[in-house]
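See below for my_file17.cif, which holds mmCIF, C-alpha atoms and all ligand atoms.
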```cif
data_upload
#
loop_
_atom_site.label_atom_id
_atom_site.label_comp_id
_atom_site.auth_asym_id
_atom_site.auth_seq_id
_atom_site.Cartn_x
_atom_site.Cartn_y
_atom_site.Cartn_z
CA MET A 227 125.53 50.76 -115.64
CA ASN A 228 122.90 49.97 -118.21
CA ILE A 229 121.46 53.38 -118.93
CA ARG A 230 122.83 55.18 -121.96
CA PRO A 231 123.28 58.95 -121.74
CA VAL A 232 120.93 59.50 -124.69
CA ALA A 233 118.19 57.59 -122.94
CA ILE A 234 118.71 59.66 -119.81
CA VAL A 235 118.40 62.95 -121.65
CA LEU A 236 115.23 61.70 -123.33
CA LEU A 237 113.82 60.70 -119.97
CA MET A 238 114.73 64.06 -118.46
CA ILE A 239 112.76 65.91 -121.07
CA ALA A 240 110.04 63.36 -121.68
CA MET A 241 108.06 64.02 -118.54
CA PRO A 242 107.67 67.79 -118.86
CA ILE A 243 106.88 67.44 -122.57
CA THR A 244 104.38 64.70 -121.97
CA GLY A 245 102.81 66.85 -119.31
CA ALA A 246 102.75 69.92 -121.53
CA LEU A 247 101.12 68.06 -124.39
CA ILE A 248 98.26 66.89 -122.26
CA VAL A 249 97.59 70.03 -120.27
CA GLY A 250 93.94 70.81 -120.51
CA VAL A 251 92.93 67.20 -121.00
CA GLU A 252 90.64 65.94 -118.33
CA HIS A 253 90.52 62.57 -116.66
CA ASP A 254 92.48 59.42 -117.24
CA VAL A 255 94.77 59.46 -120.25
CA GLY A 256 96.21 56.04 -119.68
CA ASN A 257 99.54 55.07 -118.14
CA GLY A 258 97.89 55.57 -114.80
CA MET A 259 98.04 59.32 -115.05
CA HIS A 260 95.04 60.99 -113.51
CA LEU A 261 94.96 64.43 -115.01
CA SER A 262 92.81 67.46 -114.88
CA SER A 263 93.14 70.97 -116.16
CA MET A 264 91.27 72.28 -113.14
CA HIS A 265 93.71 72.16 -110.29
CA ASN A 266 93.29 75.44 -108.53
CA ASP A 267 92.88 73.41 -105.36
CA VAL A 268 96.56 72.46 -105.13
CA GLU A 269 97.32 73.31 -101.54
CA SER A 270 100.89 72.28 -101.19
CA SER A 271 103.93 71.15 -103.09
CA ILE A 272 106.87 68.83 -102.74
CA ASP A 273 110.31 70.42 -102.36
CA PRO A 274 112.99 67.69 -102.54
CA ASP A 275 115.84 70.20 -102.20
CA THR A 276 114.55 71.50 -98.88
CA PHE A 277 113.55 68.04 -97.69
CA LEU A 278 117.01 66.63 -98.44
CA THR A 279 118.73 68.50 -95.59
CA SER A 280 115.82 69.40 -93.28
CA PHE A 281 115.90 67.89 -89.80
CA ASP A 282 113.21 68.66 -87.25
CA TYR A 283 114.77 68.50 -83.78
CA GLY A 284 111.52 69.53 -82.09
CA ARG A 285 110.88 72.07 -79.38
CA VAL A 286 113.52 71.34 -76.78
CA SER A 287 113.22 71.57 -72.99
CA ILE A 288 114.84 69.82 -70.04
CA LEU A 289 112.80 67.62 -67.70
CA GLU A 290 113.35 67.66 -63.93
CA ASP A 291 115.59 64.61 -64.05
CA GLY A 292 117.76 66.24 -66.69
CA THR A 293 116.34 64.34 -69.67
CA VAL A 294 116.01 66.28 -72.91
CA LEU A 295 112.38 66.52 -74.03
CA ARG A 296 111.71 67.03 -77.73
CA GLU A 297 108.16 67.97 -78.66
CA PHE A 298 106.86 67.66 -82.19
CA THR A 299 103.55 68.34 -83.83
CA VAL A 300 102.49 66.17 -86.75
CA THR A 301 99.23 66.93 -88.53
CA VAL A 302 97.51 64.82 -91.18
CA GLU A 303 96.27 66.90 -94.06
CA ASP A 304 94.59 65.79 -97.29
CA VAL A 305 96.28 67.73 -100.08
CA THR A 306 96.50 67.55 -103.84
CA LEU A 307 100.17 67.32 -104.77
CA GLU A 308 101.76 67.69 -108.17
CA VAL A 309 103.95 64.57 -107.99
CA ALA A 310 105.21 64.96 -111.57
CA PRO A 311 104.61 67.69 -114.14
CA ASN A 312 100.83 67.96 -114.48
CA ILE A 313 100.27 64.76 -112.55
CA TYR A 314 98.09 65.56 -109.55
CA PHE A 315 97.73 63.09 -106.72
CA ASP A 316 95.14 63.21 -103.96
CA ALA A 317 97.59 62.66 -101.14
CA TRP A 318 97.21 62.07 -97.43
CA THR A 319 100.19 63.70 -95.76
CA TYR A 320 101.96 64.34 -92.49
CA ASN A 321 102.41 68.14 -92.38
CA GLY A 322 101.41 68.72 -95.98
CA SER A 323 104.07 66.96 -98.00
CA ILE A 324 105.50 63.59 -99.06
CA PRO A 325 107.50 62.38 -97.25
CA GLY A 326 106.54 63.84 -93.87
CA PRO A 327 109.08 65.75 -91.76
CA THR A 328 112.34 64.06 -90.74
CA LEU A 329 112.11 63.89 -86.95
CA ARG A 330 115.39 63.70 -85.09
CA ALA A 331 116.42 63.03 -81.51
CA THR A 332 119.40 61.66 -79.60
CA GLU A 333 119.32 58.28 -77.89
CA GLY A 334 117.78 58.65 -74.44
CA ASP A 335 115.80 61.80 -75.24
CA ARG A 336 112.12 61.88 -74.39
CA VAL A 337 110.07 62.26 -77.57
CA ARG A 338 106.55 63.68 -77.42
CA VAL A 339 104.62 63.83 -80.69
CA THR A 340 101.26 65.57 -80.69
CA PHE A 341 99.30 64.02 -83.53
CA LEU A 342 96.37 65.89 -85.05
CA ASN A 343 94.20 64.24 -87.68
CA ASN A 344 92.82 66.95 -89.95
CA GLY A 345 92.27 64.41 -92.73
CA SER A 346 89.07 62.70 -93.82
CA HIS A 347 89.99 59.16 -92.74
CA PRO A 348 91.20 57.57 -89.48
CA HIS A 349 95.01 57.49 -89.16
CA THR A 350 97.82 56.81 -86.70
CA ILE A 351 101.58 57.19 -86.44
CA HIS A 352 103.41 53.91 -86.02
CA PHE A 353 107.05 54.52 -85.10
CA HIS A 354 109.73 51.91 -85.62
CA GLY A 355 111.97 51.52 -82.56
CA LYS A 356 111.47 50.54 -78.92
CA HIS A 357 108.39 51.81 -77.07
CA PRO A 358 105.42 50.63 -75.00
CA ALA A 359 102.56 48.86 -76.81
CA GLU A 360 100.15 51.74 -76.27
CA MET A 361 102.56 54.03 -78.14
CA ASP A 362 102.87 51.69 -81.12
CA GLY A 363 100.41 53.52 -83.35
CA VAL A 364 98.27 50.53 -84.25
CA PHE A 365 95.57 51.06 -81.59
CA PRO A 366 93.75 53.31 -81.22
CA MET A 367 92.94 54.69 -84.63
CA ILE A 368 92.59 58.45 -84.48
CA PRO A 369 89.40 59.61 -86.23
CA PRO A 370 89.12 62.74 -88.38
CA GLY A 371 89.30 65.70 -86.02
CA GLY A 372 91.00 63.56 -83.38
CA ARG A 373 94.18 64.07 -81.40
CA PHE A 374 96.66 61.70 -79.75
CA VAL A 375 99.99 62.14 -78.00
CA TYR A 376 102.71 59.57 -78.70
CA GLU A 377 105.42 59.66 -76.06
CA PHE A 378 108.43 57.42 -75.61
CA THR A 379 112.17 57.38 -75.07
CA ALA A 380 114.23 57.54 -78.27
CA GLU A 381 115.96 54.16 -78.54
CA PRO A 382 117.97 52.52 -79.91
CA PHE A 383 120.11 54.89 -81.94
CA GLY A 384 119.71 54.24 -85.62
CA LEU A 385 117.78 55.11 -88.72
CA HIS A 386 114.10 54.50 -88.17
CA LEU A 387 110.87 55.54 -89.81
CA TYR A 388 107.25 56.21 -89.08
CA HIS A 389 104.08 55.59 -91.04
CA CYS A 390 100.35 55.25 -90.66
CA HIS A 391 99.20 51.76 -89.64
CA VAL A 392 95.49 51.90 -90.44
CA ASP A 393 94.10 49.26 -92.81
CA PRO A 394 94.52 49.01 -95.69
CA VAL A 395 98.07 49.97 -94.70
CA ALA A 396 99.35 49.79 -98.29
CA GLU A 397 96.92 52.49 -99.35
CA HIS A 398 97.69 54.72 -96.36
CA ILE A 399 101.38 54.43 -97.24
CA ASN A 400 100.87 54.87 -100.98
CA ARG A 401 98.87 58.03 -100.26
CA GLY A 402 101.93 59.46 -98.55
CA LEU A 403 101.75 58.86 -94.81
CA TYR A 404 105.38 58.16 -93.91
CA GLY A 405 108.56 59.86 -92.81
CA VAL A 406 112.00 59.35 -91.33
CA PHE A 407 112.89 59.15 -87.64
CA ILE A 408 116.59 59.48 -86.86
CA VAL A 409 117.95 58.64 -83.41
CA ASP A 410 121.52 59.86 -83.07
CA PRO A 411 124.06 58.00 -80.96
CA ARG A 412 125.68 59.73 -78.03
CA PRO A 413 128.33 60.97 -78.74
CA ALA A 414 127.23 61.97 -82.22
CA ARG A 415 128.60 60.54 -85.43
CA GLU A 416 131.49 62.31 -87.13
CA SER A 417 130.54 65.63 -88.73
CA ALA A 418 129.46 65.22 -92.37
CA LYS A 419 127.35 66.66 -95.13
CA GLU A 420 124.14 64.88 -94.25
CA MET A 421 121.10 64.20 -96.36
CA VAL A 422 117.93 62.15 -96.23
CA MET A 423 116.78 60.08 -99.17
CA VAL A 424 113.41 58.38 -99.09
CA LEU A 425 112.69 55.94 -101.91
CA ASN A 426 109.04 55.79 -102.86
CA GLY A 427 106.60 55.10 -105.64
CA TYR A 428 103.22 56.49 -106.59
CA ASP A 429 100.35 54.29 -107.66
CA THR A 430 98.41 57.19 -109.12
CA ASP A 431 95.57 55.08 -110.55
CA PHE A 432 95.20 52.87 -107.47
CA ASP A 433 95.69 49.52 -109.20
CA ARG A 434 98.39 48.48 -106.70
CA GLU A 435 101.20 49.03 -109.20
CA ASN A 436 103.45 52.06 -109.08
CA ASN A 437 103.43 54.45 -112.02
CA PHE A 438 106.38 56.57 -110.83
CA TYR A 439 109.38 56.08 -108.61
CA THR A 440 111.25 58.86 -106.83
CA VAL A 441 113.84 59.93 -104.34
CA ASN A 442 112.21 62.42 -101.97
CA GLY A 443 108.92 62.69 -103.79
CA VAL A 444 109.49 63.97 -107.32
CA PRO A 445 110.63 61.80 -110.27
CA PHE A 446 113.97 62.83 -111.81
CA HIS A 447 114.28 65.81 -109.46
CA TYR A 448 117.99 65.34 -108.75
CA VAL A 449 118.65 64.73 -112.44
CA ARG A 450 117.45 68.23 -113.14
CA ASN A 451 118.95 69.54 -109.88
CA PRO A 452 122.15 67.62 -109.08
CA ILE A 453 123.16 67.50 -105.43
CA GLU A 454 126.39 69.39 -104.88
CA VAL A 455 129.03 67.81 -102.68
CA LYS A 456 132.64 68.79 -102.15
CA ARG A 457 135.54 66.63 -103.15
CA GLY A 458 136.97 64.87 -100.10
CA GLU A 459 134.17 65.76 -97.69
CA LEU A 460 132.34 63.04 -95.85
CA VAL A 461 128.83 62.53 -97.21
CA ARG A 462 126.27 60.69 -95.10
CA ILE A 463 122.96 59.55 -96.58
CA TYR A 464 120.06 58.39 -94.44
CA LEU A 465 118.41 56.07 -96.97
CA VAL A 466 114.90 54.74 -96.28
CA ASN A 467 112.82 52.54 -98.57
CA MET A 468 109.11 53.36 -98.37
CA THR A 469 108.21 51.93 -101.78
CA GLU A 470 104.89 50.11 -101.53
CA PHE A 471 103.71 47.27 -103.84
CA ASP A 472 107.22 46.42 -105.15
CA LEU A 473 109.03 44.06 -102.82
CA ILE A 474 112.47 45.59 -103.24
CA ASN A 475 114.16 48.79 -104.20
CA ASN A 476 117.84 49.60 -104.32
CA PHE A 477 120.52 52.27 -104.54
CA HIS A 478 123.59 52.21 -106.73
CA LEU A 479 126.33 54.86 -106.49
CA HIS A 480 128.57 55.67 -109.45
CA GLY A 481 132.27 56.39 -109.24
CA ASP A 482 132.68 55.52 -105.59
CA LEU A 483 131.87 53.01 -102.88
CA PHE A 484 130.24 53.64 -99.53
CA ARG A 485 130.39 52.27 -96.03
CA LEU A 486 127.01 50.67 -95.34
CA TYR A 487 125.44 50.69 -91.88
CA ARG A 488 122.26 48.62 -91.98
CA THR A 489 119.49 50.26 -89.93
CA GLY A 490 122.20 52.57 -88.57
CA THR A 491 122.19 50.70 -85.28
CA SER A 492 125.92 50.04 -85.19
CA LEU A 493 128.90 52.35 -85.61
CA VAL A 494 130.79 49.55 -87.34
CA PRO A 495 130.00 49.31 -91.06
CA ASP A 496 128.46 46.11 -92.40
CA GLU A 497 129.84 46.41 -95.92
CA PHE A 498 131.94 48.47 -98.28
CA THR A 499 130.00 48.50 -101.54
CA ASP A 500 128.41 50.56 -104.30
CA MET A 501 125.04 48.82 -104.10
CA VAL A 502 122.41 48.24 -101.44
CA THR A 503 119.08 46.47 -101.87
CA LEU A 504 116.30 47.23 -99.40
CA SER A 505 112.94 45.58 -98.91
CA GLN A 506 109.88 47.53 -97.81
CA GLY A 507 110.59 49.51 -94.63
CA GLU A 508 114.31 48.70 -94.65
CA ARG A 509 116.87 51.48 -94.35
CA ALA A 510 120.59 52.07 -94.15
CA ILE A 511 123.14 54.79 -93.56
CA LEU A 512 125.69 55.30 -96.35
CA GLU A 513 129.00 57.16 -95.96
CA PHE A 514 131.47 58.06 -98.70
CA ARG A 515 133.87 60.71 -100.02
CA TYR A 516 134.42 61.51 -103.68
CA ASP A 517 138.03 61.81 -104.82
CA TYR A 518 137.39 63.33 -108.23
CA PRO A 519 135.18 66.23 -109.35
CA GLY A 520 132.40 65.74 -111.88
CA LEU A 521 128.87 64.43 -112.32
CA TYR A 522 128.08 61.05 -110.84
CA MET A 523 124.78 59.25 -111.21
CA PHE A 524 122.96 57.43 -108.43
CA HIS A 525 119.91 55.35 -109.23
CA ALA A 526 117.91 52.21 -108.67
CA HIS A 527 119.56 49.22 -110.25
CA VAL A 528 116.02 48.03 -110.94
CA ILE A 529 116.04 49.68 -114.33
CA GLU A 530 112.25 49.94 -114.51
CA PHE A 531 112.42 52.18 -111.43
CA SER A 532 115.21 54.39 -112.79
CA ASP A 533 113.36 54.68 -116.11
CA LYS A 534 110.28 55.88 -114.21
CA GLY A 535 111.98 58.53 -112.10
CA TRP A 536 114.33 57.01 -109.49
CA MET A 537 117.57 58.54 -110.66
CA GLY A 538 119.75 61.49 -109.70
CA PHE A 539 123.21 63.03 -109.87
CA PHE A 540 125.86 64.20 -107.47
CA LYS A 541 127.88 67.16 -108.70
CA VAL A 542 131.27 66.91 -107.05
CA VAL A 543 133.03 70.29 -106.88
CA ASP A 544 136.44 71.36 -105.64
CA ASP A 545 134.88 74.11 -103.58
CA TYR A 546 131.41 75.39 -102.82
CA ASP A 547 130.45 78.84 -104.01
CA ASP A 548 130.48 81.32 -101.13
CA ASP A 549 126.72 81.24 -100.72
CA ASP A 550 126.49 77.46 -100.59
CA GLU A 551 126.31 75.63 -97.33
CA GLY A 552 129.30 73.62 -96.27
CA SER A 553 129.32 70.64 -93.99
CA SER A 554 126.47 70.17 -91.63
CA SER A 555 126.94 68.64 -88.26
CA SER A 556 125.19 65.55 -87.06
CA ASP A 557 125.06 67.07 -83.60
CA GLY A 558 121.61 66.23 -82.29
CA ASN A 559 121.64 69.11 -79.81
CA ALA A 560 120.61 71.70 -82.37
CA SER A 561 117.32 73.05 -81.18
CA ASP A 562 116.35 76.03 -83.29
CA ASP A 563 114.12 74.12 -85.68
CA GLU A 564 110.46 74.50 -84.92
CA GLY A 565 108.62 71.30 -84.23
CA GLY A 566 105.74 70.45 -86.54
CU CU B 601 96.34 56.38 -92.39
#
```
Now, as a test, write the supplied structure out as structure tokens.
Amino acid sequence: MNIRPVAIVLLMIAMPITGALIVGVEHDVGNGMHLSSMHNDVESSIDPDTFLTSFDYGRVSILEDGTVLREFTVTVEDVTLEVAPNIYFDAWTYNGSIPGPTLRATEGDRVRVTFLNNGSHPHTIHFHGKHPAEMDGVFPMIPPGGRFVYEFTAEPFGLHLYHCHVDPVAEHINRGLYGVFIVDPRPARESAKEMVMVLNGYDTDFDRENNFYTVNGVPFHYVRNPIEVKRGELVRIYLVNMTEFDLINNFHLHGDLFRLYRTGTSLVPDEFTDMVTLSQGERAILEFRYDYPGLYMFHAHVIEFSDKGWMGFFKVVDDYDDDDEGSSSSDGNASDDEGG
């Protein structure tokens, strides 16, 4: 642990202050921050708290042969997102935010994703996982105003992802076109408090170097808003690295160790550790229980990344307040979420 508490506090307050000082200044102020005082056109926002525990199970129906069909709608939208205080980013998004929705199915389900491109450039959805070549989201490119239906069987179970695969792919990813695709095993994993964490960066001045790093889209969000977990409860993190330009990213947990399931494709853990390093597109499922209450940091052990936003806290409590949610199930049969 190389980050002193004083430095953390300074970092927590530095970004809002920096932003406040330069409100009203137009154009590039250095450090890769594209700024403008005229941002009435902000159409959407990033909500890491909602994203953390939101799973889209699609619109569910049963096919004639008994297979579960899950239908999703994913729409590309160009939106200006405030990715850090007063830092506005001309994003390309799936369904209006970064990351896109976490799509979830159970192994063997039929997945049907209606893709609408309301953006200004050609795009696709390339899913990781098994599927026919014509469903791979490389060809054809879907032009602005276009529509395509991706359909395949969800397999194998594991933690997958999706992203646009139009050249230059790095730019389409940096602009925000990615999301998580979870395929649950049958029977489901043990019930747990589940959350999704997507590691990313933002190259806000388009020089192919990231200016900020985040978990779930906003630098330092979970420093300001620690994630509450209950002592002794099983916590399961679906961790996906979508950082572009930097070859690796990683995750270090304080005060505990986790069972590590690489790609989530086995129910037998690969490691018991407090540290996992992921290259671009790699992902892993992490499971742990805290024994002691208190505040515990989690962060990139690449200190440049944690200094620039990739850092957060778990707040371990003895009991949730009455209005807090308790454990969430990993049961993939839930069907009340609206697709798209
Ligand atoms: Cu694209």
Practice task
Do a neighbour search on Val375 of chain A at 8 Å with all atoms listed in the file, toss out local chain neighbours closer than 5 positions, and write the hits as a list in words.
Solution key: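 Here the qualifying residues turn out to be Arg338, Val339, Thr340 and Phe341 of chain A.
Restricting the calculation to all atoms listed in the file, the smallest distance between Asp410 of chain A and any of A:Gly384, A:Pro394, A:Pro311, A:Pro519 is found for A:Gly384.
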Practice task
Select all residues near (119.7, 54.4, -78.5) (cut-off 8 Å, inclusive, file coordinates), counting all atoms listed in the file, and output them as a PyMOL selection string.
Solution key: chain A and resi 332-334+380-384+409-411
Practice task
Write out as a PyMOL selection string each polymer residue (protein, DNA or RNA) that has an atom no more than 6 Å from ligand CU 601 (chain B), with only C-alpha atoms and all ligand atoms counted.
Solution key: chain A and resi 349-350+390+392+398
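When the distance limit is 7 Å and all atoms listed in the file are what count, the residues near Phe438 of chain A, minus those fewer than 5 positions from it on the same chain, are Gly427, Tyr428, Pro445, Lys534 and Gly535 of chain A.
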Exercise for the section: Check the smallest atom-to-atom distance from each of A:Val542, A:Val528, A:Ala418, A:Leu278 to Asp472 of chain A using only C-alpha atoms, then report the winner. Expected result: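 Residue with the minimum atom-to-atom distance to Asp472 of chain A: A:Val528.
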Practice task
Select, from A:Asn451, A:Ser271, A:Asn312, A:Asn400, the residue with the minimum atom-to-atom distance to Phe432 of chain A, counting only C-alpha atoms.
Solution key: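 Comparing A:Asn451, A:Ser271, A:Asn312, A:Asn400 against Phe432 of chain A, the winner is A:Asn400.
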Practice task
Please indicate the distance in Å from atom CA of Leu465 of chain A to atom CA of Val286 of chain A, rounded to one decimal place.
Solution key: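 Between atom CA of Leu465 of chain A and atom CA of Val286 of chain A the gap is 25.8 Å.
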